[in-house]
$ cat start38.tsv   # TSV, C-alpha atoms and all ligand atoms
chain	number	residue	atom	x	y	z
A	1	MET	CA	-27.12	-54.43	47.48
A	2	ALA	CA	-24.15	-54.14	49.80
A	3	ALA	CA	-21.95	-57.10	50.81
A	4	VAL	CA	-21.19	-57.71	54.47
A	5	VAL	CA	-17.68	-59.14	54.92
A	6	LYS	CA	-17.29	-58.77	58.69
A	7	ALA	CA	-15.77	-61.51	60.89
A	8	ASP	CA	-13.06	-61.86	58.27
A	9	GLY	CA	-15.63	-62.52	55.56
A	10	TYR	CA	-17.71	-64.86	57.77
A	11	GLY	CA	-14.56	-66.87	58.39
A	12	LEU	CA	-13.72	-67.32	54.72
A	13	GLY	CA	-11.21	-64.45	54.49
A	14	ALA	CA	-12.37	-60.85	54.07
A	15	VAL	CA	-9.89	-60.12	51.29
A	16	GLY	CA	-10.72	-63.17	49.16
A	17	ALA	CA	-14.45	-62.79	49.78
A	18	SER	CA	-14.52	-59.09	48.92
A	19	ARG	CA	-12.45	-59.62	45.77
A	20	ALA	CA	-14.90	-62.30	44.61
A	21	LEU	CA	-17.89	-60.13	45.50
A	22	ALA	CA	-16.41	-57.08	43.76
A	23	GLN	CA	-15.91	-59.19	40.66
A	24	ALA	CA	-19.57	-60.17	40.90
A	25	GLY	CA	-20.49	-56.48	40.93
A	26	ALA	CA	-20.55	-55.43	44.60
A	27	ARG	CA	-19.67	-51.75	45.09
A	28	VAL	CA	-20.59	-51.26	48.76
A	29	PHE	CA	-19.09	-53.29	51.61
A	30	PHE	CA	-19.57	-53.52	55.37
A	31	THR	CA	-16.88	-54.67	57.78
A	32	ALA	CA	-17.13	-54.84	61.58
A	33	THR	CA	-13.75	-53.32	62.34
A	34	THR	CA	-11.52	-50.60	60.95
A	35	GLN	CA	-8.71	-53.13	60.51
A	36	GLU	CA	-10.91	-55.28	58.25
A	37	GLY	CA	-11.99	-52.16	56.39
A	38	ALA	CA	-8.36	-51.26	55.71
A	39	TRP	CA	-7.65	-54.79	54.39
A	40	VAL	CA	-10.63	-54.63	52.08
A	41	ARG	CA	-9.59	-51.15	50.87
A	42	ARG	CA	-6.08	-52.43	50.09
A	43	ALA	CA	-7.55	-55.40	48.21
A	44	LEU	CA	-10.14	-53.47	46.20
A	45	GLY	CA	-8.51	-50.08	45.61
A	46	GLU	CA	-10.21	-46.71	45.54
A	47	GLY	CA	-13.65	-47.32	44.02
A	48	PRO	CA	-15.89	-49.17	46.47
A	49	GLN	CA	-17.55	-47.64	49.51
A	50	ILE	CA	-16.60	-49.43	52.74
A	51	PHE	CA	-18.67	-48.95	55.89
A	52	VAL	CA	-17.28	-49.92	59.31
A	53	LEU	CA	-20.11	-51.16	61.52
A	54	ASN	CA	-18.40	-50.76	64.90
A	55	GLY	CA	-17.71	-47.10	64.21
A	56	PRO	CA	-14.78	-44.90	65.22
A	57	ALA	CA	-12.64	-45.43	68.32
A	58	ASP	CA	-8.91	-44.68	68.57
A	59	ASP	CA	-8.50	-45.38	64.87
A	60	LEU	CA	-9.50	-42.07	63.26
A	61	ASP	CA	-6.26	-41.92	61.23
A	62	VAL	CA	-6.82	-45.32	59.63
A	63	LEU	CA	-10.49	-44.58	58.95
A	64	GLN	CA	-9.49	-41.43	57.13
A	65	SER	CA	-6.38	-42.66	55.30
A	66	ALA	CA	-8.20	-45.79	54.06
A	67	LYS	CA	-11.25	-43.64	53.14
A	68	LEU	CA	-13.58	-45.79	55.23
A	69	THR	CA	-17.08	-44.65	56.17
A	70	PRO	CA	-17.72	-45.24	59.88
A	71	VAL	CA	-21.16	-46.09	61.20
A	72	LEU	CA	-21.84	-43.73	64.11
A	73	ASN	CA	-23.57	-45.75	66.81
A	74	SER	CA	-23.68	-43.37	69.78
A	75	LEU	CA	-23.54	-39.70	70.70
A	76	ALA	CA	-19.95	-40.29	71.81
A	77	GLN	CA	-19.00	-41.62	68.38
A	78	ILE	CA	-20.74	-38.69	66.66
A	79	LYS	CA	-18.66	-36.28	68.76
A	80	LEU	CA	-15.46	-38.26	68.23
A	81	TRP	CA	-15.93	-38.31	64.45
A	82	ASP	CA	-16.64	-34.58	64.50
A	83	ALA	CA	-17.93	-34.32	60.93
A	84	ARG	CA	-14.53	-35.22	59.42
A	85	ALA	CA	-16.04	-36.90	56.38
A	86	PRO	CA	-19.32	-38.56	55.38
A	87	ALA	CA	-20.53	-41.16	57.88
A	88	ALA	CA	-23.49	-43.47	58.43
A	89	LEU	CA	-25.86	-43.10	61.35
A	90	HIS	CA	-27.20	-46.18	63.13
A	91	ILE	CA	-30.59	-45.73	64.78
A	92	ASP	CA	-31.64	-48.33	67.34
A	93	THR	CA	-35.20	-49.44	66.66
A	94	GLY	CA	-35.42	-52.12	69.33
A	95	MET	CA	-32.45	-54.43	69.21
A	96	ASN	CA	-30.69	-52.53	72.01
A	97	ARG	CA	-27.26	-53.49	70.77
A	98	LEU	CA	-25.80	-50.55	68.84
A	99	GLY	CA	-27.31	-47.31	67.67
A	100	ILE	CA	-28.85	-44.02	68.76
A	101	GLY	CA	-32.07	-44.51	70.71
A	102	PRO	CA	-35.18	-42.57	69.65
A	103	GLU	CA	-34.97	-40.36	72.74
A	104	GLU	CA	-31.39	-39.42	71.84
A	105	LEU	CA	-32.23	-38.41	68.28
A	106	PRO	CA	-32.65	-34.66	68.96
A	107	HIS	CA	-29.20	-34.62	70.59
A	108	ALA	CA	-27.79	-36.63	67.74
A	109	MET	CA	-29.20	-34.14	65.22
A	110	SER	CA	-27.37	-31.24	66.81
A	111	ALA	CA	-24.16	-33.24	67.46
A	112	LEU	CA	-24.03	-34.28	63.81
A	113	LYS	CA	-23.60	-30.59	62.87
A	114	ASP	CA	-22.82	-30.65	59.17
A	115	THR	CA	-21.82	-34.32	59.00
A	116	SER	CA	-22.86	-35.50	55.59
A	117	LEU	CA	-24.84	-38.72	56.04
A	118	ALA	CA	-23.93	-41.45	53.55
A	119	LEU	CA	-26.57	-43.72	55.10
A	120	VAL	CA	-29.13	-43.92	57.88
A	121	MET	CA	-29.52	-47.51	59.02
A	122	SER	CA	-31.02	-49.82	61.59
A	123	HIS	CA	-30.97	-53.57	62.18
A	124	LEU	CA	-33.77	-56.10	62.73
A	125	ALA	CA	-33.78	-58.30	65.81
A	126	CYS	CA	-36.18	-60.96	64.49
A	127	GLY	CA	-35.76	-60.92	60.71
A	128	SER	CA	-35.13	-64.66	60.64
A	129	GLY	CA	-38.73	-65.20	61.72
A	130	LEU	CA	-40.37	-63.80	58.58
A	131	LYS	CA	-43.72	-63.22	60.27
A	132	HIS	CA	-42.44	-62.13	63.66
A	133	PRO	CA	-44.57	-59.15	64.82
A	134	PHE	CA	-41.49	-57.25	66.03
A	135	ASN	CA	-40.35	-56.75	62.42
A	136	ALA	CA	-43.29	-54.44	61.71
A	137	VAL	CA	-42.67	-52.56	64.98
A	138	GLN	CA	-39.05	-51.90	63.99
A	139	LEU	CA	-40.08	-50.98	60.43
A	140	ARG	CA	-42.50	-48.35	61.78
A	141	ARG	CA	-39.90	-46.93	64.16
A	142	PHE	CA	-37.32	-46.80	61.37
A	143	ILE	CA	-39.68	-44.97	59.03
A	144	ASP	CA	-40.60	-42.48	61.79
A	145	ALA	CA	-36.96	-41.78	62.67
A	146	SER	CA	-35.87	-41.54	59.05
A	147	MET	CA	-38.29	-38.59	58.50
A	148	LEU	CA	-35.68	-36.51	60.29
A	149	PHE	CA	-33.16	-37.28	57.52
A	150	PRO	CA	-35.08	-36.71	54.29
A	151	ARG	CA	-31.98	-36.64	52.08
A	152	ALA	CA	-30.06	-39.64	53.46
A	153	PRO	CA	-30.21	-43.07	51.80
A	154	LEU	CA	-31.83	-45.65	54.09
A	155	SER	CA	-30.97	-49.25	54.98
A	156	LEU	CA	-32.75	-51.68	57.31
A	157	ALA	CA	-32.46	-55.26	56.08
A	158	ALA	CA	-29.74	-57.90	56.34
A	159	THR	CA	-30.25	-61.26	54.57
A	160	ALA	CA	-33.38	-62.30	56.45
A	161	GLY	CA	-34.91	-58.83	56.36
A	162	ALA	CA	-34.38	-58.68	52.60
A	163	LEU	CA	-36.36	-61.92	52.27
A	164	ILE	CA	-39.34	-60.54	54.24
A	165	GLY	CA	-40.31	-58.32	51.34
A	166	ALA	CA	-39.78	-55.08	49.45
A	167	ASP	CA	-41.18	-52.94	52.30
A	168	TYR	CA	-37.95	-53.69	54.13
A	169	HIS	CA	-35.53	-52.91	51.29
A	170	PHE	CA	-35.31	-49.09	51.23
A	171	ASP	CA	-32.20	-47.89	49.33
A	172	LEU	CA	-29.71	-50.55	50.34
A	173	ILE	CA	-29.92	-54.10	51.69
A	174	ARG	CA	-26.99	-55.54	53.68
A	175	PRO	CA	-26.84	-59.31	53.22
A	176	GLY	CA	-24.02	-61.23	54.83
A	177	ILE	CA	-24.86	-64.88	55.47
A	178	GLY	CA	-26.99	-65.10	52.32
A	179	LEU	CA	-23.85	-64.46	50.26
A	180	TYR	CA	-22.17	-67.41	51.97
A	181	GLY	CA	-24.89	-69.97	51.38
A	182	SER	CA	-27.47	-69.71	54.18
A	183	GLY	CA	-31.06	-68.60	53.93
A	184	ALA	CA	-30.83	-67.19	57.49
A	185	LEU	CA	-34.42	-68.10	58.19
A	186	ASP	CA	-35.91	-70.12	61.01
A	187	ALA	CA	-38.11	-71.97	58.50
A	188	ASP	CA	-38.65	-72.37	54.74
A	189	THR	CA	-35.00	-71.79	54.00
A	190	PRO	CA	-34.46	-71.09	50.33
A	191	THR	CA	-31.76	-73.24	48.78
A	192	LEU	CA	-28.74	-71.08	48.09
A	193	THR	CA	-25.54	-72.14	46.40
A	194	ALA	CA	-22.87	-73.41	48.78
A	195	VAL	CA	-19.75	-71.24	48.62
A	196	ALA	CA	-17.67	-73.02	51.27
A	197	THR	CA	-16.60	-76.66	51.11
A	198	ILE	CA	-14.78	-78.60	53.79
A	199	GLU	CA	-13.27	-81.98	52.97
A	200	ALA	CA	-11.00	-84.23	55.01
A	201	PRO	CA	-9.17	-87.46	54.13
A	202	ILE	CA	-9.82	-90.97	55.41
A	203	LEU	CA	-6.84	-92.22	57.45
A	204	GLN	CA	-7.97	-95.82	58.09
A	205	VAL	CA	-10.80	-98.17	57.19
A	206	ARG	CA	-11.78	-100.83	59.75
A	207	ASP	CA	-14.16	-103.76	60.02
A	208	ALA	CA	-16.16	-104.04	63.22
A	209	LEU	CA	-18.16	-106.85	64.76
A	210	PRO	CA	-21.49	-106.53	66.57
A	211	GLY	CA	-21.01	-105.25	70.12
A	212	GLU	CA	-17.89	-103.22	69.37
A	213	THR	CA	-17.88	-99.59	70.48
A	214	PHE	CA	-16.37	-96.50	68.92
A	215	GLY	CA	-14.41	-93.50	70.16
A	216	TYR	CA	-14.30	-91.66	73.50
A	217	GLY	CA	-16.96	-92.64	75.97
A	218	ALA	CA	-17.81	-95.71	73.85
A	219	THR	CA	-21.09	-93.96	73.06
A	220	PHE	CA	-21.93	-95.95	69.89
A	221	THR	CA	-22.22	-99.74	69.77
A	222	ALA	CA	-22.35	-101.72	66.51
A	223	ALA	CA	-25.57	-103.73	66.25
A	224	GLU	CA	-24.24	-105.72	63.32
A	225	LYS	CA	-21.09	-106.08	61.23
A	226	MET	CA	-19.95	-102.66	60.03
A	227	ARG	CA	-17.22	-100.99	58.04
A	228	THR	CA	-15.99	-97.72	59.51
A	229	ALA	CA	-13.58	-95.02	58.38
A	230	THR	CA	-11.50	-92.77	60.61
A	231	VAL	CA	-11.26	-89.28	59.10
A	232	ALA	CA	-8.70	-86.56	59.84
A	233	LEU	CA	-11.11	-83.88	61.05
A	234	GLY	CA	-12.08	-82.83	64.57
A	235	TYR	CA	-13.14	-80.02	66.82
A	236	ALA	CA	-9.63	-78.56	66.66
A	237	ASP	CA	-10.41	-77.89	62.99
A	238	GLY	CA	-13.67	-76.23	63.92
A	239	TYR	CA	-15.89	-79.28	63.40
A	240	LEU	CA	-18.21	-78.79	66.36
A	241	ARG	CA	-18.28	-81.53	69.01
A	242	SER	CA	-22.05	-81.07	69.20
A	243	LEU	CA	-22.18	-82.92	65.86
A	244	SER	CA	-21.17	-86.12	67.71
A	245	GLY	CA	-23.58	-88.88	66.73
A	246	ARG	CA	-25.60	-86.35	64.67
A	247	GLY	CA	-23.50	-85.07	61.78
A	248	TYR	CA	-22.45	-86.84	58.61
A	249	GLY	CA	-19.84	-86.84	55.89
A	250	VAL	CA	-20.65	-87.40	52.23
A	251	LEU	CA	-18.76	-90.03	50.24
A	252	GLY	CA	-19.74	-92.00	47.17
A	253	GLY	CA	-22.90	-89.93	46.79
A	254	ALA	CA	-24.39	-90.84	50.19
A	255	LYS	CA	-24.45	-89.49	53.73
A	256	ARG	CA	-22.16	-91.42	56.09
A	257	PRO	CA	-23.26	-90.92	59.72
A	258	ILE	CA	-20.76	-89.96	62.42
A	259	LEU	CA	-20.41	-92.78	64.95
A	260	GLY	CA	-19.91	-91.67	68.54
A	261	ARG	CA	-18.03	-88.58	69.58
A	262	VAL	CA	-16.13	-86.10	67.47
A	263	SER	CA	-12.62	-85.98	68.94
A	264	MET	CA	-9.91	-83.36	68.65
A	265	ASP	CA	-8.48	-84.34	65.26
A	266	LEU	CA	-10.53	-87.41	64.31
A	267	ILE	CA	-14.04	-88.54	63.42
A	268	ILE	CA	-15.35	-92.06	62.81
A	269	ILE	CA	-18.00	-92.50	60.12
A	270	ASP	CA	-20.05	-95.48	58.96
A	271	VAL	CA	-18.91	-96.52	55.48
A	272	THR	CA	-20.59	-99.93	55.38
A	273	GLY	CA	-21.04	-100.94	51.73
A	274	CYS	CA	-19.17	-97.92	50.38
A	275	ALA	CA	-16.58	-98.96	47.78
A	276	GLU	CA	-15.06	-95.45	47.69
A	277	ALA	CA	-14.03	-95.68	51.35
A	278	GLN	CA	-10.25	-96.09	51.05
A	279	PRO	CA	-7.40	-94.39	52.89
A	280	GLY	CA	-6.78	-91.00	51.26
A	281	ALA	CA	-10.34	-90.62	49.90
A	282	MET	CA	-11.76	-87.16	50.67
A	283	VAL	CA	-15.01	-86.93	52.61
A	284	GLU	CA	-17.20	-83.79	52.34
A	285	PHE	CA	-18.42	-82.36	55.66
A	286	LEU	CA	-19.70	-79.02	54.39
A	287	GLY	CA	-20.55	-78.04	50.83
A	288	PRO	CA	-23.05	-78.70	48.06
A	289	ASN	CA	-23.89	-82.15	49.47
A	290	ALA	CA	-23.68	-81.18	53.15
A	291	PRO	CA	-25.56	-77.84	53.17
A	292	LEU	CA	-24.62	-75.17	55.69
A	293	ASP	CA	-28.15	-74.79	57.09
A	294	ASP	CA	-28.49	-78.57	57.48
A	295	ILE	CA	-25.20	-78.89	59.38
A	296	ALA	CA	-26.07	-75.88	61.57
A	297	GLN	CA	-29.41	-77.41	62.48
A	298	LEU	CA	-27.82	-80.77	63.37
A	299	ALA	CA	-25.21	-78.98	65.49
A	300	GLY	CA	-27.91	-76.99	67.28
A	301	THR	CA	-26.41	-73.67	66.28
A	302	ALA	CA	-26.60	-70.95	63.63
A	303	PRO	CA	-24.91	-71.16	60.21
A	304	TYR	CA	-22.87	-68.09	61.21
A	305	GLU	CA	-21.17	-70.08	63.97
A	306	ILE	CA	-20.50	-73.08	61.73
A	307	LEU	CA	-18.73	-70.94	59.13
A	308	THR	CA	-16.76	-68.76	61.49
A	309	THR	CA	-15.49	-71.56	63.74
A	310	PHE	CA	-14.98	-74.02	60.92
A	311	ALA	CA	-13.28	-71.78	58.43
A	312	GLY	CA	-11.21	-69.89	60.99
A	313	ALA	CA	-9.78	-73.05	62.56
A	314	VAL	CA	-9.35	-74.92	59.30
A	315	ARG	CA	-6.90	-72.37	57.97
A	316	LYS	CA	-4.51	-73.38	60.73
A	317	SER	CA	-4.82	-77.09	59.99
A	318	GLY	CA	-4.22	-79.30	56.97
A	319	VAL	CA	-7.88	-79.86	56.17
A	320	ARG	CA	-8.86	-78.87	52.66
A	321	ALA	CA	-11.26	-75.92	52.65
B	401	LIG	C1	-24.09	-58.86	60.50
B	401	LIG	C2	-24.89	-57.72	60.05
B	401	LIG	C3	-25.49	-57.73	58.79
B	401	LIG	C4	-25.52	-58.97	57.90
B	401	LIG	O1	-26.35	-59.93	58.51
B	401	LIG	P1	-26.69	-61.34	57.83
B	401	LIG	O2	-27.71	-61.93	58.74
B	401	LIG	O3	-25.41	-62.10	57.84
B	401	LIG	O4	-27.19	-61.09	56.47
B	401	LIG	C5	-26.13	-56.58	58.36
B	401	LIG	N1	-26.19	-55.48	59.16
B	401	LIG	C6	-25.64	-55.44	60.38
B	401	LIG	C7	-25.76	-54.21	61.21
B	401	LIG	C8	-24.98	-56.56	60.88
B	401	LIG	O5	-24.45	-56.54	62.11
$ encode --input "start38.tsv" --output "structure tokens"
Amino acid sequence: MAAVVKADGYGLGAVGASRALAQAGARVFFTATTQEGAWVRRALGEGPQIFVLNGPADDLDVLQSAKLTPVLNSLAQIKLWDARAPAALHIDTGMNRLGIGPEELPHAMSALKDTSLALVMSHLACGSGLKHPFNAVQLRRFIDASMLFPRAPLSLAATAGALIGADYHFDLIRPGIGLYGSGALDADTPTLTAVATIEAPILQVRDALPGETFGYGATFTAAEKMRTATVALGYADGYLRSLSGRGYGVLGGAKRPILGRVSMDLIIIDVTGCAEAQPGAMVEFLGPNAPLDDIAQLAGTAPYEILTTFAGAVRKSGVRA
């Protein structure tokens, strides 16, 4: 099993994430960029194998000095790499994003010359729908193409693909989001341990009467007497505005709904009847009690976007992550 630490470790910090994963036994890593690959190499030292998904560009020196293994995604990248060192080959089986198309394979074979292939890989477009018919189509195409490379190790599945079943595992699986607490599936999400927690402090607690409204646009009106708390977290910290009126914080063992709109640095939550709601108390907005997949669903987005916007922005602010 490889560990994908692209997008700066899914927003959590590629260096910290890869150190933790190496300690847990990971020996193979994937980054998106050469720069990330070089950071991970510096953090982990010589041992681990580090693949760079975007492949070589004008960074051949860094790829070589940091002993990174580029993924060759096009005939141009194969030529640019020019068999300098072992590389991976990405075959496109239907995602039409990166990779050598089936019709280009004969050219790729001759361009590869004596490039030693550390891996032949492809990527599933619809893995998150476990029963999606396109998965089997891509599997078939991958098996057919891989016949041309009988000695190379093979890899097809990311997190969701790995959960489809053993047919999709080949020699190496490449989970990313699964390592960070999401099942990556459209349905029947397995419960995975949360690895990222976001908490923010209450600034004020207020009592409200029926008919009072809250926040920008006055989009929520109290139907009865309420107690509310204003929390120091907002979309500037990566807490998506689409969670307005939909998300929740967790305090005193219960979900506390967001009232009205998320603003730049502030959120108002309903803390009626919650004795723990005092200025300075920390409210959990992501973590074991506010699961990543749940928050993503409420926000109408993917867990990937929650982590990368949240964690990236939070590092610049005072919110505890
Ligand atoms: C992002 C990515 C992965 C990891 O995907 P997850 O869904 O996060 O598990 C694996 N392989 C490739 C090519 C990727 O781009």
$ closest_residue --input "start38.tsv" --among "A:Asp294, A:Asp114, A:Asp58, A:Asp92" --to "ligand LIG 401 (chain B)" --atoms "only C-alpha atoms and all ligand atoms"
A:Asp92
$ residues_near_ligand --input "start38.tsv" --ligand "ligand LIG 401 (chain B)" --cutoff "7 Å" --atoms "all atoms listed in the file" --output "ChimeraX atom specification"
/A:4,53,122-123,157-160,174-178,184
$ write_last_selection --input "start38.tsv" --atoms "C-alpha atoms" --output "short mmCIF file (atom, residue, chain, number, x, y, z; two decimals), keeping the file's coordinate frame"
data_model
loop_
_atom_site.label_atom_id
_atom_site.label_comp_id
_atom_site.auth_asym_id
_atom_site.auth_seq_id
_atom_site.Cartn_x
_atom_site.Cartn_y
_atom_site.Cartn_z
CA VAL A 4 -21.19 -57.71 54.47
CA LEU A 53 -20.11 -51.16 61.52
CA SER A 122 -31.02 -49.82 61.59
CA HIS A 123 -30.97 -53.57 62.18
CA ALA A 157 -32.46 -55.26 56.08
CA ALA A 158 -29.74 -57.90 56.34
CA THR A 159 -30.25 -61.26 54.57
CA ALA A 160 -33.38 -62.30 56.45
CA ARG A 174 -26.99 -55.54 53.68
CA PRO A 175 -26.84 -59.31 53.22
CA GLY A 176 -24.02 -61.23 54.83
CA ILE A 177 -24.86 -64.88 55.47
CA GLY A 178 -26.99 -65.10 52.32
CA ALA A 184 -30.83 -67.19 57.49
#
$ atom_distance --input "start38.tsv" --atom1 "atom CA of Leu259 of chain A" --atom2 "atom CA of Ala275 of chain A"
18.6 Å
$ residues_around --input "start38.tsv" --residues "Met1 of chain A" --least-positions-apart "4" --cutoff "10 Å" --atoms "all atoms listed in the file" --output "number ranges by chain"
A: 25-29, 155, 158, 162, 169, 171-175
$ residues_near_point --input "start38.tsv" --point "(-10.5, -79.9, 62.7)" --cutoff "7 Å" --atoms "only C-alpha atoms" --output "count of residues only"
12
$ axis_aligned_box --input "start38.tsv" --around "segment 283-286 of chain A" --padding-each-side "6 Å" --output "JSON"
{"center_x": -17.4, "center_y": -83.0, "center_z": 54.0, "size_x": 16.7, "size_y": 19.9, "size_z": 15.3}
$ atom_distance --input "start38.tsv" --atom1 "atom CA of Asn135 of chain A" --atom2 "atom CA of Thr31 of chain A"
24.0 Å
$ closest_residue --input "start38.tsv" --among "A:Ala166, A:Leu80, A:Met226, A:Leu156" --to "Asp59 of chain A" --atoms "only C-alpha atoms"
A:Leu80
$ closest_residue --input "start38.tsv" --among "A:Phe285, A:Phe30, A:Phe142, A:Phe51" --to "Ala200 of chain A" --atoms "all atoms listed in the file"
A:Phe285
$ residues_near_point --input "start38.tsv" --point "(-18.9, -108.6, 62.1)" --cutoff "10 Å" --atoms "all atoms listed in the file" --output "list in words"
Asp207, Ala208, Leu209, Pro210, Gly211, Glu212, Ala222, Ala223, Glu224, Lys225, Met226 and Arg227 of chain A
